[in-house]
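Colleague: Below are the structure tokens for one structure; questions will follow.
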Amino acid sequence: MNKSLTQRYHHTLNNILAGDKLANLIVFVLFTAFYLLTMAGNLSETDDVYAFAYRTEQFSFSHVSDPRLMLFHMLSKVVYIAINALSGLLDMTVSALFSMRLFSACCAAISLLLLLRILYRDFKLSPQAAVLGSLLLAFSYGFWRYAAEAEVYIAATALCLLIFHLMLTPRWQSLKYQLLVGVLAGLSILFYQPDAIPLLFAFPLLTLGGGQIIAVGGYYCAAGCTLLAGYLWGFWLFWPEPLSLDSFIQFLSQRSEEFMVPAMSFMTVIVSMLRALFALSHDTVSTNWIFSFHAVQQFIHWLFPQNVITEEIFLAKSIGPWRYLFAVSHILLIGIILFLLASRLPKVRFSQISRQVWVVVIWVLINGAIIGRLNPAGTEAWIMLLAPLTILVSLWIIQPLLDTHKKTLVLLVSLLFAHNLLAGMLLVHNPGEEYHRIKGKWVIEHATADDLVIVSGDAGFAEALRYLSPAKILYIGKNETGELLSALMDNQLNNLSLLSRGRDFNGQSIAANMQQHWQHNGRVMVFDELFNSGDPMLNLKIQQFSQKIPAIYQPAQMSATYLLQAPAK
């Protein structure tokens, strides 16, 4: 019986690795279904999911307000329209949130098949090592968590792996094929701009090292022309001003103000490395459970002072005594990883590393350096490094140790799957436990299109409400609450010049919107955060003012929802 199963397993695996279309299709369907069945319902961890889904449903195809992800938004719109056209035949409507997650799950399955092919065909690993390496990526928490998410990272990973595989194939290194790959690289960068890091600064070394200088030049020319044509098309679709160098730069620079680079110093480097280590380790092994320990909360607050972890702490409260089991499994995983690293890394001879492997190393180093400088604490950004890191682990750890430590390697993959399932995906499976959904429950369930909700200090919450509620949502910064409160308390709303913030909803008059909704019998709602101005001179006055405003919803241990009354005339 066992022998028969083993033979069937090897036969199926050989068919997959040989490129059998039916076998690969079955694997694709199985992994797509796996990621859809285990996808998160609680979206607290994500940054832009609700904003992207809202954009897909509400904005036109030509709304290119985010050139960094131009083709991603356009393709999301196309997929959303196509899926609804098909589901319409069955009188069904599919949300953009689901259509984007379905697309991402398909890209995750494609990424795994590409990685399997790269490890086996391009790097000549054994079938078992290629499978273990691919499963390592499949079950890493960051990849698994975002495999079925309305985000760009998994699809961008698939594009990078596809181009990397093509450039490793000898016949694709001629000028004719490099022109085609260059066009694909340009489209990939139009899809997700940070893809330019490996595509322009690492991958061309694969061909350049082979002496194909003209082919490399063709690759860069094709990629550059595709980029220029794409961005000019986006400019023509969206930008209101005539084309000039200044207006084109302004078009490309949209959202550039979101990147704040800290001043370089020795302490900055150390802190950034600690943040990067934590973020990347979380993308590998879920650390959701650690937020249930108060001491860890304090350490995270110190390490990431600019990052709000309220949602993570709220999620961790539901873990209970299971946190001790998760701690044990996490420690076991770290122990196995350290054991395998100690068993193999000292034996790696860097002088004998091939050009192809050095390209992967450069891919990791350049990408890591840029992420570490711009956004070291961003767990989402580090997802883009999981695939190249998996390639290196497969080459340097899994393949060399397969004969002597096969059981340990299988244990590593199995324990990684179990830990990230129980301490990761199951914790975020229930949408009813999402912080933003609970906090905004009244608005989500009762607000109408005639109502206005003002959110202060939490852009993610504003984006969630904008997608989940029909009400109009406006966002202001945390340091701007005092200005709004002063106008309300002094009945000077007409003199308030405060404008809304946030991407495509920037620059709207707060006062004019409030008055307009009151005039049309709409309601204006706010949350507790509005009354935290941070100005001690206003605190007593604010306290007295807030007591006069009725709270219409008060979830346990969360901020209340308040109904602002129109000022007396």
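All residue names refer to the structure tokens as shown: chains lettered A, B, ... in order, residues numbered from 1 in each chain, ligands numbered from 1 in order.
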Using only C-alpha atoms, I'd like a table of the residues in region 324-409 of chain A that come within 10 Å of region 273-283 of chain A; for each, show the closest atom pair and its distance in Å rounded to one decimal, ordered by chain and ascending number, as a Markdown table.

Modeller:
```
| residue | atom | partner | partner_atom | distance |
| --- | --- | --- | --- | --- |
| A:Ile334 | CA | A:Ser281 | CA | 9.8 |
| A:Gly368 | CA | A:Ala276 | CA | 8.7 |
| A:Ala369 | CA | A:Met273 | CA | 9.9 |
| A:Ile371 | CA | A:Ala276 | CA | 8.4 |
| A:Gly372 | CA | A:Ala276 | CA | 6.2 |
| A:Arg373 | CA | A:Met273 | CA | 9.3 |
| A:Asn375 | CA | A:Ala276 | CA | 8.3 |
| A:Pro376 | CA | A:Ala276 | CA | 4.6 |
| A:Ala377 | CA | A:Arg275 | CA | 5.0 |
| A:Gly378 | CA | A:Ala279 | CA | 6.4 |
| A:Thr379 | CA | A:Ala279 | CA | 4.8 |
| A:Glu380 | CA | A:Asp283 | CA | 8.1 |
| A:Ala381 | CA | A:Ala279 | CA | 9.1 |
| A:Trp382 | CA | A:Leu280 | CA | 6.0 |
| A:Ile383 | CA | A:Asp283 | CA | 6.6 |
| A:Leu385 | CA | A:Leu280 | CA | 8.7 |
| A:Leu386 | CA | A:Asp283 | CA | 8.0 |
```

Colleague: From a DSSP calculation on the backbone, collect every residue of region 262-495 of chain A in strand (DSSP E) and output the set as a ChimeraX atom specification.

Modeller: /A:452-456,472-476

Colleague: Can you write out the residues you just picked, keeping N, CA, C and O atoms, as an mmCIF file, in the first residue's frame?

Modeller:
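Final file, out-v9.cif:
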```cif
data_model
loop_
_atom_site.group_PDB
_atom_site.id
_atom_site.type_symbol
_atom_site.label_atom_id
_atom_site.label_comp_id
_atom_site.auth_asym_id
_atom_site.auth_seq_id
_atom_site.Cartn_x
_atom_site.Cartn_y
_atom_site.Cartn_z
ATOM 1 N N LEU A 452 -22.563 61.632 6.983
ATOM 2 C CA LEU A 452 -21.139 61.970 6.909
ATOM 3 C C LEU A 452 -20.447 61.430 8.149
ATOM 4 O O LEU A 452 -20.933 61.603 9.272
ATOM 5 N N VAL A 453 -19.325 60.770 7.962
ATOM 6 C CA VAL A 453 -18.516 60.260 9.074
ATOM 7 C C VAL A 453 -17.134 60.882 8.976
ATOM 8 O O VAL A 453 -16.483 60.817 7.923
ATOM 9 N N ILE A 454 -16.684 61.496 10.061
ATOM 10 C CA ILE A 454 -15.357 62.105 10.106
ATOM 11 C C ILE A 454 -14.462 61.233 10.974
ATOM 12 O O ILE A 454 -14.752 61.001 12.151
ATOM 13 N N VAL A 455 -13.396 60.724 10.382
ATOM 14 C CA VAL A 455 -12.435 59.867 11.080
ATOM 15 C C VAL A 455 -11.149 60.649 11.279
ATOM 16 O O VAL A 455 -10.661 61.307 10.353
ATOM 17 N N SER A 456 -10.594 60.586 12.472
ATOM 18 C CA SER A 456 -9.356 61.321 12.758
ATOM 19 C C SER A 456 -8.257 60.377 13.202
ATOM 20 O O SER A 456 -8.465 59.510 14.048
ATOM 21 N N LYS A 472 -20.641 58.913 3.475
ATOM 22 C CA LYS A 472 -19.457 59.619 2.992
ATOM 23 C C LYS A 472 -18.451 59.685 4.130
ATOM 24 O O LYS A 472 -18.788 60.070 5.250
ATOM 25 N N ILE A 473 -17.218 59.317 3.848
ATOM 26 C CA ILE A 473 -16.174 59.256 4.863
ATOM 27 C C ILE A 473 -15.109 60.304 4.548
ATOM 28 O O ILE A 473 -14.583 60.328 3.431
ATOM 29 N N LEU A 474 -14.792 61.148 5.517
ATOM 30 C CA LEU A 474 -13.702 62.114 5.370
ATOM 31 C C LEU A 474 -12.699 61.897 6.491
ATOM 32 O O LEU A 474 -13.078 61.599 7.636
ATOM 33 N N TYR A 475 -11.444 62.053 6.170
ATOM 34 C CA TYR A 475 -10.359 61.777 7.122
ATOM 35 C C TYR A 475 -9.550 63.042 7.393
ATOM 36 O O TYR A 475 -9.252 63.809 6.466
ATOM 37 N N ILE A 476 -9.230 63.269 8.673
ATOM 38 C CA ILE A 476 -8.335 64.362 9.060
ATOM 39 C C ILE A 476 -7.218 63.794 9.925
ATOM 40 O O ILE A 476 -7.374 62.740 10.547
#
```

Colleague: Hey, can you check how far CA of Ala447 (chain A) sits from CA of Ala471 (chain A)?

Modeller: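 Between these atoms lies a distance of 5.8 Å.
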
Colleague: Which residue out of A:Ala223, A:Tyr50, A:Tyr146, A:His63 has the minimum interatomic distance to Met425 (chain A) when only C-alpha atoms are used?

Modeller: A:Tyr146

Colleague: Would you mind telling me which residue in A:Ser265, A:Thr56, A:Gln356, A:Ser140 lies nearest to Phe164 (chain A) when using only C-alpha atoms?

Modeller: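 Comparing A:Ser265, A:Thr56, A:Gln356, A:Ser140 against Phe164 (chain A), the winner is A:Gln356.
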
Colleague: List as a list in words the protein and nucleic acid residues near Ala511 (chain A), meaning an atom at most 9 Å away when only C-alpha atoms are counted, but skip any in the same chain fewer than 5 places from it.

Modeller: Leu484, Leu493, Asn494, Asn495, Leu496, Ser497, Leu498, Leu499 and Gln516 of chain A

Colleague: Using only C-alpha atoms, which residues sit within 12 Å of Phe505 (chain A) once same-chain residues fewer than 2 positions away are excluded, as a list in words?

Modeller: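 What passes the distance filter is Ala51, Arg55, Ser65, Ala459, Ala462, Glu463, Arg466, Lys472, Ile473, Leu474, Tyr475, Ile476, Leu499, Ser500, Arg501, Gly502, Arg503, Gly507, Gln508, Ser509 and Ile510 of chain A.
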
Colleague: Store the residues picked out above in a file with N, CA, C and O atoms, as a compact mmCIF listing (two decimals), in the first residue's frame.

Modeller:
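Result written to part_0.txt:
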```
# COMPACT_ATOMS: atom_id res chain seq x y z
N ALA A 51 -9.04 50.12 0.50
CA ALA A 51 -8.86 51.23 -0.44
C ALA A 51 -8.77 50.73 -1.87
O ALA A 51 -9.37 51.32 -2.79
N ARG A 55 -11.51 51.44 -4.82
CA ARG A 55 -11.06 52.04 -6.09
C ARG A 55 -11.55 51.20 -7.27
O ARG A 55 -12.01 51.74 -8.29
N SER A 65 -4.43 57.70 -10.38
CA SER A 65 -3.91 58.55 -9.32
C SER A 65 -2.78 57.89 -8.54
O SER A 65 -2.25 58.47 -7.59
N ALA A 459 -6.15 56.41 9.14
CA ALA A 459 -6.51 56.35 7.72
C ALA A 459 -7.04 54.98 7.32
O ALA A 459 -7.93 54.87 6.48
N ALA A 462 -10.65 54.76 8.17
CA ALA A 462 -11.43 55.55 7.21
C ALA A 462 -11.64 54.77 5.91
O ALA A 462 -12.75 54.75 5.35
N GLU A 463 -10.59 54.10 5.43
CA GLU A 463 -10.71 53.33 4.19
C GLU A 463 -11.63 52.13 4.36
O GLU A 463 -12.38 51.78 3.44
N ARG A 466 -15.17 53.46 4.38
CA ARG A 466 -15.55 53.93 3.05
C ARG A 466 -16.00 52.77 2.16
O ARG A 466 -16.91 52.92 1.34
N LYS A 472 -20.64 58.91 3.48
CA LYS A 472 -19.46 59.62 2.99
C LYS A 472 -18.45 59.69 4.13
O LYS A 472 -18.79 60.07 5.25
N ILE A 473 -17.22 59.32 3.85
CA ILE A 473 -16.17 59.26 4.86
C ILE A 473 -15.11 60.30 4.55
O ILE A 473 -14.58 60.33 3.43
N LEU A 474 -14.79 61.15 5.52
CA LEU A 474 -13.70 62.11 5.37
C LEU A 474 -12.70 61.90 6.49
O LEU A 474 -13.08 61.60 7.64
N TYR A 475 -11.44 62.05 6.17
CA TYR A 475 -10.36 61.78 7.12
C TYR A 475 -9.55 63.04 7.39
O TYR A 475 -9.25 63.81 6.47
N ILE A 476 -9.23 63.27 8.67
CA ILE A 476 -8.34 64.36 9.06
C ILE A 476 -7.22 63.79 9.93
O ILE A 476 -7.37 62.74 10.55
N LEU A 499 -9.27 71.08 5.76
CA LEU A 499 -9.56 70.25 4.59
C LEU A 499 -9.26 68.78 4.90
O LEU A 499 -8.41 68.47 5.73
N SER A 500 -9.95 67.91 4.21
CA SER A 500 -9.76 66.47 4.40
C SER A 500 -8.41 66.04 3.83
O SER A 500 -7.83 66.70 2.98
N ARG A 501 -7.96 64.86 4.29
CA ARG A 501 -6.71 64.27 3.81
C ARG A 501 -7.00 62.89 3.25
O ARG A 501 -8.07 62.33 3.44
N GLY A 502 -5.99 62.33 2.58
CA GLY A 502 -6.11 60.94 2.17
C GLY A 502 -6.30 60.71 0.69
O GLY A 502 -7.43 60.74 0.19
N ARG A 503 -5.24 60.49 -0.04
CA ARG A 503 -5.21 60.00 -1.41
C ARG A 503 -6.24 60.70 -2.30
O ARG A 503 -6.16 61.89 -2.54
N GLY A 507 -8.39 67.36 0.28
CA GLY A 507 -8.73 68.73 -0.08
C GLY A 507 -10.20 69.09 -0.04
O GLY A 507 -10.59 70.14 -0.58
N GLN A 508 -11.06 68.30 0.58
CA GLN A 508 -12.47 68.64 0.69
C GLN A 508 -12.72 69.41 1.99
O GLN A 508 -12.19 69.05 3.04
N SER A 509 -13.53 70.45 1.92
CA SER A 509 -13.82 71.27 3.10
C SER A 509 -14.63 70.49 4.12
O SER A 509 -15.73 70.01 3.82
N ILE A 510 -14.10 70.37 5.33
CA ILE A 510 -14.80 69.66 6.40
C ILE A 510 -16.08 70.42 6.78
O ILE A 510 -17.16 69.84 6.90
```

Colleague: Kindly indicate which residue among A:Trp442, A:Tyr141, A:Tyr562, A:Trp363 lies nearest to Thr287 (chain A), using only C-alpha atoms for the distances.

Modeller: A:Tyr141

Colleague: So what do you get for CA of Asp246 (chain A) versus CA of Val261 (chain A), distance-wise?

Modeller: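 Taking CA of Asp246 (chain A) and CA of Val261 (chain A), their separation equals 23.6 Å.
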
Colleague: May I have the residues within 12 Å of Glu433 (chain A) as a ChimeraX atom specification, using only C-alpha atoms and disregarding those fewer than 4 positions away in the same chain?

Modeller: /A:40-44,311-312,314-319,426-429,437-439,441

Colleague: Using only C-alpha atoms, find the one residue out of A:Phe191, A:Tyr54, A:Tyr177, A:Phe201 that sits nearest to Ala222 (chain A).

Modeller: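 Looking at the shortest contact to Ala222 (chain A), the residue is A:Tyr177.
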
Colleague: So which one's closest to Ala18 (chain A), A:Leu116, A:Ile336, A:Cys160, A:Ile370? Using only C-alpha atoms, please.

Modeller: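 Closest to Ala18 (chain A), using only C-alpha atoms: A:Leu116.
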